[in-house]
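Content type compact mmCIF, C-alpha atoms, from the file query_3.txt:
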# COMPACT_ATOMS: atom_id res chain seq x y z
CA MET A 1 77.16 -129.35 0.74
CA ALA A 2 75.76 -132.16 2.88
CA GLY A 3 74.42 -132.29 6.41
CA PRO A 4 72.19 -129.87 8.36
CA ALA A 5 74.04 -126.78 7.07
CA GLY A 6 73.48 -127.82 3.46
CA PHE A 7 69.81 -128.52 4.12
CA ARG A 8 69.32 -125.08 5.70
CA LEU A 9 71.05 -123.44 2.75
CA ARG A 10 68.77 -125.20 0.25
CA VAL A 11 65.70 -124.20 2.26
CA GLN A 12 66.87 -120.58 2.31
CA LEU A 13 67.38 -120.65 -1.46
CA VAL A 14 63.83 -121.98 -1.94
CA TRP A 15 62.49 -119.20 0.29
CA LEU A 16 64.51 -116.60 -1.64
CA ALA A 17 63.22 -117.87 -4.99
CA LEU A 18 59.59 -117.87 -3.82
CA LEU A 19 59.94 -114.42 -2.26
CA THR A 20 61.43 -113.08 -5.49
CA LEU A 21 58.52 -114.50 -7.48
CA LEU A 22 56.03 -113.00 -5.03
CA LEU A 23 57.64 -109.55 -5.18
CA GLY A 24 57.78 -109.76 -8.96
CA LEU A 25 54.06 -110.56 -9.04
CA PHE A 26 53.23 -107.58 -6.84
CA TYR A 27 55.43 -105.30 -8.95
CA ASN A 28 53.63 -106.36 -12.14
CA LEU A 29 50.27 -105.56 -10.55
CA GLY A 30 51.09 -101.86 -10.89
CA LEU A 31 50.82 -101.07 -7.21
CA ASP A 32 51.25 -97.48 -6.05
CA PHE A 33 54.47 -97.83 -4.04
CA GLY A 34 54.55 -94.08 -3.48
CA LEU A 35 51.30 -94.33 -1.53
CA ILE A 36 52.68 -97.24 0.47
CA GLY A 37 55.76 -95.20 1.37
CA GLN A 38 53.56 -92.28 2.38
CA LYS A 39 51.31 -94.32 4.71
CA LEU A 40 53.93 -96.75 6.02
CA PRO A 41 55.19 -94.55 8.91
CA PHE A 42 51.63 -94.29 10.24
CA MET A 43 51.00 -98.02 9.86
CA LEU A 44 54.27 -98.81 11.64
CA GLY A 45 53.25 -96.58 14.53
CA LEU A 46 56.10 -94.10 13.99
CA ARG A 47 53.50 -91.33 14.19
CA LEU A 48 50.98 -90.87 16.97
CA SER A 49 47.24 -90.85 16.33
CA PRO A 50 45.37 -87.50 16.33
CA ASP A 51 44.54 -87.96 20.03
CA GLY A 52 48.22 -88.50 20.86
CA PHE A 53 47.99 -92.29 21.42
CA VAL A 54 50.06 -94.99 19.74
CA GLN A 55 48.66 -96.48 16.56
CA GLY A 56 49.43 -99.04 13.87
CA VAL A 57 51.97 -101.75 14.62
CA ALA A 58 52.93 -100.13 17.92
CA LEU A 59 49.35 -100.44 19.18
CA THR A 60 49.02 -103.97 17.78
CA LEU A 61 52.16 -105.06 19.63
CA LEU A 62 51.10 -103.30 22.83
CA ILE A 63 47.72 -105.07 22.85
CA THR A 64 49.32 -108.40 21.98
CA MET A 65 52.07 -108.23 24.61
CA ILE A 66 49.72 -107.25 27.44
CA SER A 67 47.25 -109.94 26.36
CA MET A 68 50.06 -112.53 26.30
CA VAL A 69 50.99 -111.81 29.91
CA VAL A 70 47.40 -111.74 31.19
CA SER A 71 46.39 -114.85 29.24
CA LEU A 72 49.42 -116.72 30.60
CA VAL A 73 48.40 -115.91 34.18
CA VAL A 74 44.82 -116.96 33.46
CA ALA A 75 46.03 -120.14 31.75
CA VAL A 76 48.26 -121.21 34.65
CA LEU A 77 45.44 -120.71 37.16
CA THR A 78 43.00 -122.55 34.90
CA ALA A 79 45.42 -125.45 34.34
CA LEU A 80 45.96 -125.80 38.08
CA GLY A 81 42.20 -125.78 38.58
CA ARG A 82 41.79 -128.46 35.91
CA LEU A 83 44.34 -130.60 37.76
CA SER A 84 42.79 -129.96 41.16
CA SER A 85 40.82 -132.55 43.10
CA ASN A 86 38.65 -129.75 44.49
CA ALA A 87 35.22 -129.97 42.84
CA LEU A 88 34.64 -126.18 42.97
CA SER A 89 37.98 -125.33 41.35
CA PHE A 90 37.60 -128.05 38.74
CA GLY A 91 34.02 -127.02 37.94
CA LEU A 92 34.81 -123.31 37.62
CA THR A 93 37.83 -123.79 35.40
CA THR A 94 36.24 -126.39 33.12
CA PHE A 95 33.15 -124.18 32.70
CA TYR A 96 35.31 -121.16 31.83
CA ALA A 97 37.44 -123.13 29.37
CA SER A 98 34.41 -124.69 27.71
CA PHE A 99 32.65 -121.34 27.21
CA PHE A 100 35.61 -119.39 25.83
CA ARG A 101 36.79 -122.24 23.61
CA GLY A 102 33.27 -122.92 22.38
CA THR A 103 32.29 -119.40 21.29
CA PRO A 104 33.86 -117.21 18.56
CA LEU A 105 36.41 -114.61 19.64
CA LEU A 106 34.59 -111.88 17.68
CA VAL A 107 31.37 -112.61 19.61
CA GLN A 108 33.31 -112.37 22.87
CA VAL A 109 34.82 -109.03 21.80
CA LEU A 110 31.37 -107.65 20.98
CA ILE A 111 29.82 -108.96 24.21
CA ILE A 112 32.51 -107.31 26.33
CA TYR A 113 32.51 -104.03 24.40
CA LEU A 114 28.86 -103.62 23.39
CA ALA A 115 26.76 -105.82 25.69
CA LEU A 116 28.35 -105.22 29.10
CA PRO A 117 27.46 -101.47 29.06
CA GLN A 118 23.83 -102.59 29.13
CA PHE A 119 24.53 -103.73 32.71
CA GLY A 120 26.54 -100.67 33.66
CA ILE A 121 29.99 -102.14 32.92
CA VAL A 122 31.65 -99.77 30.46
CA LEU A 123 35.16 -100.59 29.26
CA SER A 124 37.28 -98.76 26.74
CA GLY A 125 38.03 -100.38 23.42
CA PHE A 126 41.62 -100.92 24.53
CA ALA A 127 40.63 -102.69 27.77
CA SER A 128 37.88 -104.66 26.02
CA GLY A 129 40.28 -105.95 23.38
CA ILE A 130 42.85 -107.05 25.94
CA LEU A 131 40.21 -108.70 28.13
CA ALA A 132 38.66 -110.62 25.22
CA LEU A 133 42.02 -111.82 23.85
CA SER A 134 43.27 -112.77 27.31
CA LEU A 135 40.20 -114.76 28.29
CA ASN A 136 39.93 -116.49 24.91
CA TYR A 137 43.56 -117.51 24.59
CA GLY A 138 43.87 -118.23 28.30
CA ALA A 139 41.35 -121.04 27.81
CA TYR A 140 43.41 -122.60 25.02
CA LEU A 141 46.76 -122.10 26.75
CA ALA A 142 45.40 -123.76 29.87
CA GLU A 143 45.03 -127.08 28.03
CA THR A 144 48.56 -126.74 26.67
CA ILE A 145 49.99 -126.10 30.14
CA ARG A 146 47.96 -128.94 31.64
CA ALA A 147 49.28 -131.33 28.98
CA GLY A 148 52.84 -130.19 29.68
CA ILE A 149 52.48 -130.78 33.42
CA LEU A 150 50.94 -134.21 32.88
CA SER A 151 53.82 -135.17 30.56
CA VAL A 152 56.24 -135.11 33.52
CA PRO A 153 56.27 -138.52 35.27
CA ARG A 154 54.65 -138.31 38.71
CA GLY A 155 57.49 -140.32 40.16
CA GLN A 156 59.81 -137.34 39.84
CA ALA A 157 57.64 -135.17 42.06
CA GLU A 158 57.24 -138.01 44.55
CA ALA A 159 61.00 -138.56 44.63
CA ALA A 160 61.55 -134.84 45.22
CA LYS A 161 59.08 -134.91 48.12
CA ALA A 162 60.92 -137.88 49.59
CA LEU A 163 64.10 -135.78 49.51
CA GLY A 164 62.35 -133.08 51.50
CA LEU A 165 62.03 -130.49 48.73
CA GLY A 166 59.24 -127.93 49.03
CA ARG A 167 56.33 -127.48 46.63
CA GLY A 168 57.78 -124.35 45.10
CA VAL A 169 61.12 -125.98 44.36
CA ILE A 170 59.41 -129.03 42.88
CA ALA A 171 57.13 -126.89 40.69
CA PHE A 172 59.72 -124.45 39.35
CA LYS A 173 62.93 -126.50 39.39
CA ILE A 174 61.73 -129.98 38.46
CA ILE A 175 58.32 -129.97 36.78
CA ALA A 176 58.33 -126.63 34.94
CA PRO A 177 61.63 -127.05 32.99
CA GLN A 178 60.52 -130.46 31.70
CA ALA A 179 56.97 -129.35 30.95
CA MET A 180 58.21 -126.35 28.95
CA ARG A 181 59.48 -128.65 26.21
CA ILE A 182 55.89 -129.75 25.61
CA ILE A 183 54.29 -126.36 26.27
CA ILE A 184 56.40 -124.03 24.09
CA PRO A 185 55.51 -125.25 20.54
CA PRO A 186 51.69 -125.00 20.86
CA ALA A 187 51.94 -121.95 23.12
CA GLY A 188 54.09 -120.20 20.51
CA SER A 189 51.50 -121.00 17.85
CA ASN A 190 48.78 -119.58 20.09
CA PHE A 191 50.69 -116.34 20.62
CA ILE A 192 51.21 -115.97 16.86
CA SER A 193 47.47 -116.48 16.37
CA MET A 194 46.82 -113.90 19.08
CA LEU A 195 48.97 -111.39 17.19
CA LYS A 196 46.83 -111.85 14.09
CA ASP A 197 43.54 -111.98 16.00
CA SER A 198 44.37 -108.64 17.61
CA SER A 199 43.10 -107.24 14.30
CA LEU A 200 39.58 -107.93 15.58
CA VAL A 201 39.84 -104.99 17.98
CA SER A 202 39.53 -102.76 14.91
CA VAL A 203 35.75 -103.21 15.24
CA MET A 204 36.02 -101.07 18.41
CA GLY A 205 37.65 -98.18 16.57
CA LEU A 206 41.17 -98.73 17.84
CA TRP A 207 43.73 -97.40 15.40
CA GLU A 208 45.74 -100.60 15.17
CA LEU A 209 47.30 -101.99 11.98
CA ASN A 210 44.18 -103.55 10.45
CA PHE A 211 42.06 -100.48 11.20
CA LEU A 212 44.57 -98.17 9.51
CA ALA A 213 44.90 -100.45 6.48
CA GLN A 214 41.13 -100.44 5.95
CA SER A 215 40.82 -96.71 6.61
CA TYR A 216 43.59 -95.75 4.18
CA GLY A 217 42.25 -98.18 1.61
CA ARG A 218 38.79 -96.65 1.90
CA SER A 219 40.00 -93.06 1.68
CA THR A 220 42.39 -93.61 -1.25
CA TYR A 221 40.52 -96.40 -3.11
CA HIS A 222 43.77 -98.38 -3.02
CA TYR A 223 42.73 -101.34 -0.89
CA MET A 224 45.26 -103.69 -2.51
CA GLU A 225 48.28 -101.58 -1.53
CA MET A 226 47.13 -101.01 2.04
CA LEU A 227 45.94 -104.54 2.77
CA LEU A 228 49.04 -106.14 1.22
CA THR A 229 51.22 -103.84 3.31
CA ALA A 230 49.34 -104.87 6.46
CA ALA A 231 49.63 -108.53 5.48
CA ALA A 232 53.39 -108.17 4.96
CA ILE A 233 53.82 -106.51 8.35
CA TYR A 234 51.79 -109.20 10.12
CA TRP A 235 53.89 -111.83 8.35
CA LEU A 236 57.17 -110.24 9.46
CA LEU A 237 55.94 -109.96 13.04
CA SER A 238 54.88 -113.61 12.97
CA ILE A 239 58.30 -114.63 11.68
CA GLY A 240 59.86 -112.74 14.58
CA LEU A 241 57.73 -114.66 17.07
CA GLU A 242 58.56 -117.93 15.31
CA LEU A 243 62.27 -117.23 15.72
CA ILE A 244 61.80 -116.56 19.44
CA GLN A 245 59.78 -119.78 19.72
CA ASN A 246 62.50 -121.79 17.95
CA ARG A 247 65.17 -120.45 20.31
CA LEU A 248 63.08 -121.35 23.35
CA GLU A 249 62.42 -124.82 21.94
CA ARG A 250 66.14 -125.42 21.50
CA ARG A 251 66.93 -124.12 24.98
CA PHE A 252 64.41 -126.28 26.83
CA GLY A 253 65.00 -129.26 24.55
CA ARG A 254 68.73 -129.52 25.25
CA GLY A 255 68.36 -131.75 28.30
CA PHE A 256 65.95 -134.08 26.50
CA ALA A 257 68.23 -134.29 23.45
CA ALA A 258 71.23 -135.03 25.66
CA ASP A 259 69.37 -137.77 27.54
CA ARG A 260 68.19 -139.26 24.25
CA GLN A 261 71.70 -139.34 22.81
CA GLY A 262 72.98 -140.88 26.02
CA GLY A 263 70.30 -143.57 25.84
CA LEU A 264 71.12 -144.33 22.19
CA SER A 265 74.79 -144.63 22.95

Mind turning this structure into structure tokens?
Amino acid sequence: MAGPAGFRLRVQLVWLALLTLLLGLFYNLGLDFGLIGQKLPFMLGLRLSPDGFVQGVALTLLITMISMVVSLVVAVLTALGRLSSNALSFGLTTFYASFFRGTPLLVQVLIIYLALPQFGIVLSGFASGILALSLNYGAYLAETIRAGILSVPRGQAEAAKALGLGRGVIAFKIIAPQAMRIIIPPAGSNFISMLKDSSLVSVMGLWELNFLAQSYGRSTYHYMEMLLTAAAIYWLLSIGLELIQNRLERRFGRGFAADRQGGLS
């Protein structure tokens, strides 16, 4: 079978062969699959924690989703500040981006959770984790959004102004759809990294996936089973985000692909 469909089929067969080899390797390690089945509902968040709060994957996804939204708002504001001709806005946003991109995320988590109480600012582990992830990834996303905006030729905005269109229409109807084609691939990678980095909130005692994997491994002396299970779950979640990213890339890339084909013809 030739063409794109044949290529996709061959890729799927390669994935299937590698996955089979990987599962065969794990099976030959003599892992305790009974223990995995016993702990899996807790790790997936199908059971609540002893204090009645969500745990495991459910908590990981909750932290990640909230952090995605907050970091996106922070990133847009930062990108606009980076593009501003106002010295105060430019200075504040560049300073923020430099600090949060130049220091480790774990250090930021510990500063927010452990150091701020020294000055009377006490945040819960949940709020601290979201704040640290949002501020850290907001700094990276800001550069991605800025690059996307700059990729749109200035002449299009000027032409829209000449037609009497307002700023809001120009921003959301002309610039944003074209910028999204540039923004989505790196932004999707950042969100996948955020999903995995949410494991750092385990240092604050939150019962998310990584925390449960370590706790069950410590209590049962079966670290391999618990950590491999957590790794598999993170992998599946990442694949889900990759599929969403690919769909968004195709959606916002249609116009560019059509224009390119028209130019070639």

Using all atoms of region 210-224 of chain A listed in the file and a margin of 5 Å per side, can you give the axis-aligned box centre and edge lengths in Å to one decimal, as AutoDock Vina command-line options?
--center_x 42.0 --center_y -98.4 --center_z 4.0 --size_x 16.5 --size_y 20.6 --size_z 24.3

Which residues come within 12 Å of Ala171 (chain A), counting only C-alpha atoms, excluding same-chain residues fewer than 4 positions away, as number ranges by chain? A: 80, 149, 152, 154, 156-158, 160-161, 165-167, 175-180

Kindly indicate which residue among A:Ala5, A:Leu23, A:Leu237, A:Leu29 lies nearest to Met224 (chain A), using all atoms listed in the file for the distances. A:Leu29

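Our summary of the geometry notes that CA of Glu208 (chain A) is positioned 5.4 Å from CA of Leu59 (chain A).
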
Computed interatomic separation between CA of Ile183 (chain A) and CA of Pro4 (chain A) (Å): 25.6 Å

For Ala231 (chain A), which residue out of A:Val57, A:Leu25, A:Arg218, A:Thr93 is the nearest one, using only C-alpha atoms?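 Closest residue, counting only C-alpha atoms: A:Val57.
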
note - CA of Asn246 (chain A) and CA of Val11 (chain A) are separated by 16.2 Å

For Gly81 (chain A), the nearest of the candidates A:Ile192, A:Ile111, A:Leu133, A:Ala97, counting all atoms listed in the file: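 Using all atoms listed in the file, the shortest distance to Gly81 (chain A) belongs to A:Ala97.
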
Would you mind completing region 13-24 of chain A to all heavy atoms and writing the output as a short mmCIF file (atom, residue, chain, number, x, y, z; two decimals), in the frame of the given file?
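To be explicit, this is the file written out as part.cif:
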data_model
loop_
_atom_site.label_atom_id
_atom_site.label_comp_id
_atom_site.auth_asym_id
_atom_site.auth_seq_id
_atom_site.Cartn_x
_atom_site.Cartn_y
_atom_site.Cartn_z
N LEU A 13 67.43 -120.96 -0.02
CA LEU A 13 67.38 -120.65 -1.46
C LEU A 13 65.96 -120.80 -2.00
O LEU A 13 65.53 -120.01 -2.84
CB LEU A 13 68.34 -121.57 -2.22
CG LEU A 13 69.84 -121.30 -2.00
CD1 LEU A 13 70.67 -122.38 -2.71
CD2 LEU A 13 70.22 -119.92 -2.51
N VAL A 14 65.23 -121.81 -1.53
CA VAL A 14 63.83 -121.98 -1.94
C VAL A 14 63.01 -120.78 -1.49
O VAL A 14 62.20 -120.23 -2.26
CB VAL A 14 63.26 -123.29 -1.36
CG1 VAL A 14 61.76 -123.37 -1.62
CG2 VAL A 14 63.96 -124.49 -1.99
N TRP A 15 63.21 -120.37 -0.23
CA TRP A 15 62.49 -119.20 0.29
C TRP A 15 62.82 -117.96 -0.55
O TRP A 15 61.92 -117.18 -0.88
CB TRP A 15 62.88 -118.96 1.76
CG TRP A 15 61.98 -119.63 2.73
CD1 TRP A 15 61.81 -120.97 2.90
CD2 TRP A 15 61.11 -119.00 3.68
NE1 TRP A 15 60.90 -121.22 3.90
CE2 TRP A 15 60.47 -120.03 4.40
CE3 TRP A 15 60.84 -117.68 4.01
CZ2 TRP A 15 59.54 -119.78 5.41
CZ3 TRP A 15 59.93 -117.41 5.03
CH2 TRP A 15 59.29 -118.45 5.71
N LEU A 16 64.10 -117.77 -0.87
CA LEU A 16 64.51 -116.60 -1.64
C LEU A 16 63.87 -116.60 -3.02
O LEU A 16 63.40 -115.56 -3.50
CB LEU A 16 66.03 -116.58 -1.75
CG LEU A 16 66.64 -115.40 -2.51
CD1 LEU A 16 66.27 -114.08 -1.84
CD2 LEU A 16 68.15 -115.53 -2.61
N ALA A 17 63.82 -117.77 -3.65
CA ALA A 17 63.22 -117.87 -4.99
C ALA A 17 61.73 -117.55 -4.93
O ALA A 17 61.21 -116.80 -5.77
CB ALA A 17 63.45 -119.26 -5.56
N LEU A 18 61.03 -118.12 -3.94
CA LEU A 18 59.59 -117.87 -3.82
C LEU A 18 59.31 -116.42 -3.48
O LEU A 18 58.35 -115.82 -4.00
CB LEU A 18 59.00 -118.79 -2.75
CG LEU A 18 59.00 -120.29 -3.07
CD1 LEU A 18 58.51 -121.10 -1.88
CD2 LEU A 18 58.11 -120.57 -4.29
N LEU A 19 60.13 -115.82 -2.61
CA LEU A 19 59.94 -114.42 -2.26
C LEU A 19 60.17 -113.52 -3.47
O LEU A 19 59.44 -112.54 -3.67
CB LEU A 19 60.89 -114.04 -1.12
CG LEU A 19 60.73 -112.64 -0.52
CD1 LEU A 19 59.33 -112.45 0.03
CD2 LEU A 19 61.76 -112.40 0.57
N THR A 20 61.16 -113.86 -4.27
CA THR A 20 61.43 -113.08 -5.49
C THR A 20 60.25 -113.16 -6.45
O THR A 20 59.84 -112.14 -7.03
CB THR A 20 62.70 -113.60 -6.18
OG1 THR A 20 63.81 -113.52 -5.26
CG2 THR A 20 63.01 -112.79 -7.42
N LEU A 21 59.69 -114.35 -6.62
CA LEU A 21 58.52 -114.50 -7.48
C LEU A 21 57.33 -113.70 -6.95
O LEU A 21 56.60 -113.07 -7.72
CB LEU A 21 58.15 -115.98 -7.59
CG LEU A 21 59.10 -116.87 -8.40
CD1 LEU A 21 58.68 -118.34 -8.28
CD2 LEU A 21 59.09 -116.46 -9.88
N LEU A 22 57.15 -113.72 -5.63
CA LEU A 22 56.03 -113.00 -5.03
C LEU A 22 56.19 -111.50 -5.23
O LEU A 22 55.23 -110.80 -5.60
CB LEU A 22 55.95 -113.34 -3.54
CG LEU A 22 54.74 -112.81 -2.78
CD1 LEU A 22 53.44 -113.39 -3.34
CD2 LEU A 22 54.86 -113.16 -1.29
N LEU A 23 57.40 -110.98 -5.00
CA LEU A 23 57.64 -109.55 -5.18
C LEU A 23 57.49 -109.15 -6.64
O LEU A 23 56.98 -108.07 -6.95
CB LEU A 23 59.04 -109.20 -4.66
CG LEU A 23 59.24 -109.30 -3.14
CD1 LEU A 23 60.71 -109.02 -2.78
CD2 LEU A 23 58.32 -108.34 -2.41
N GLY A 24 57.95 -110.04 -7.53
CA GLY A 24 57.78 -109.76 -8.96
C GLY A 24 56.31 -109.69 -9.36
O GLY A 24 55.91 -108.84 -10.16
#
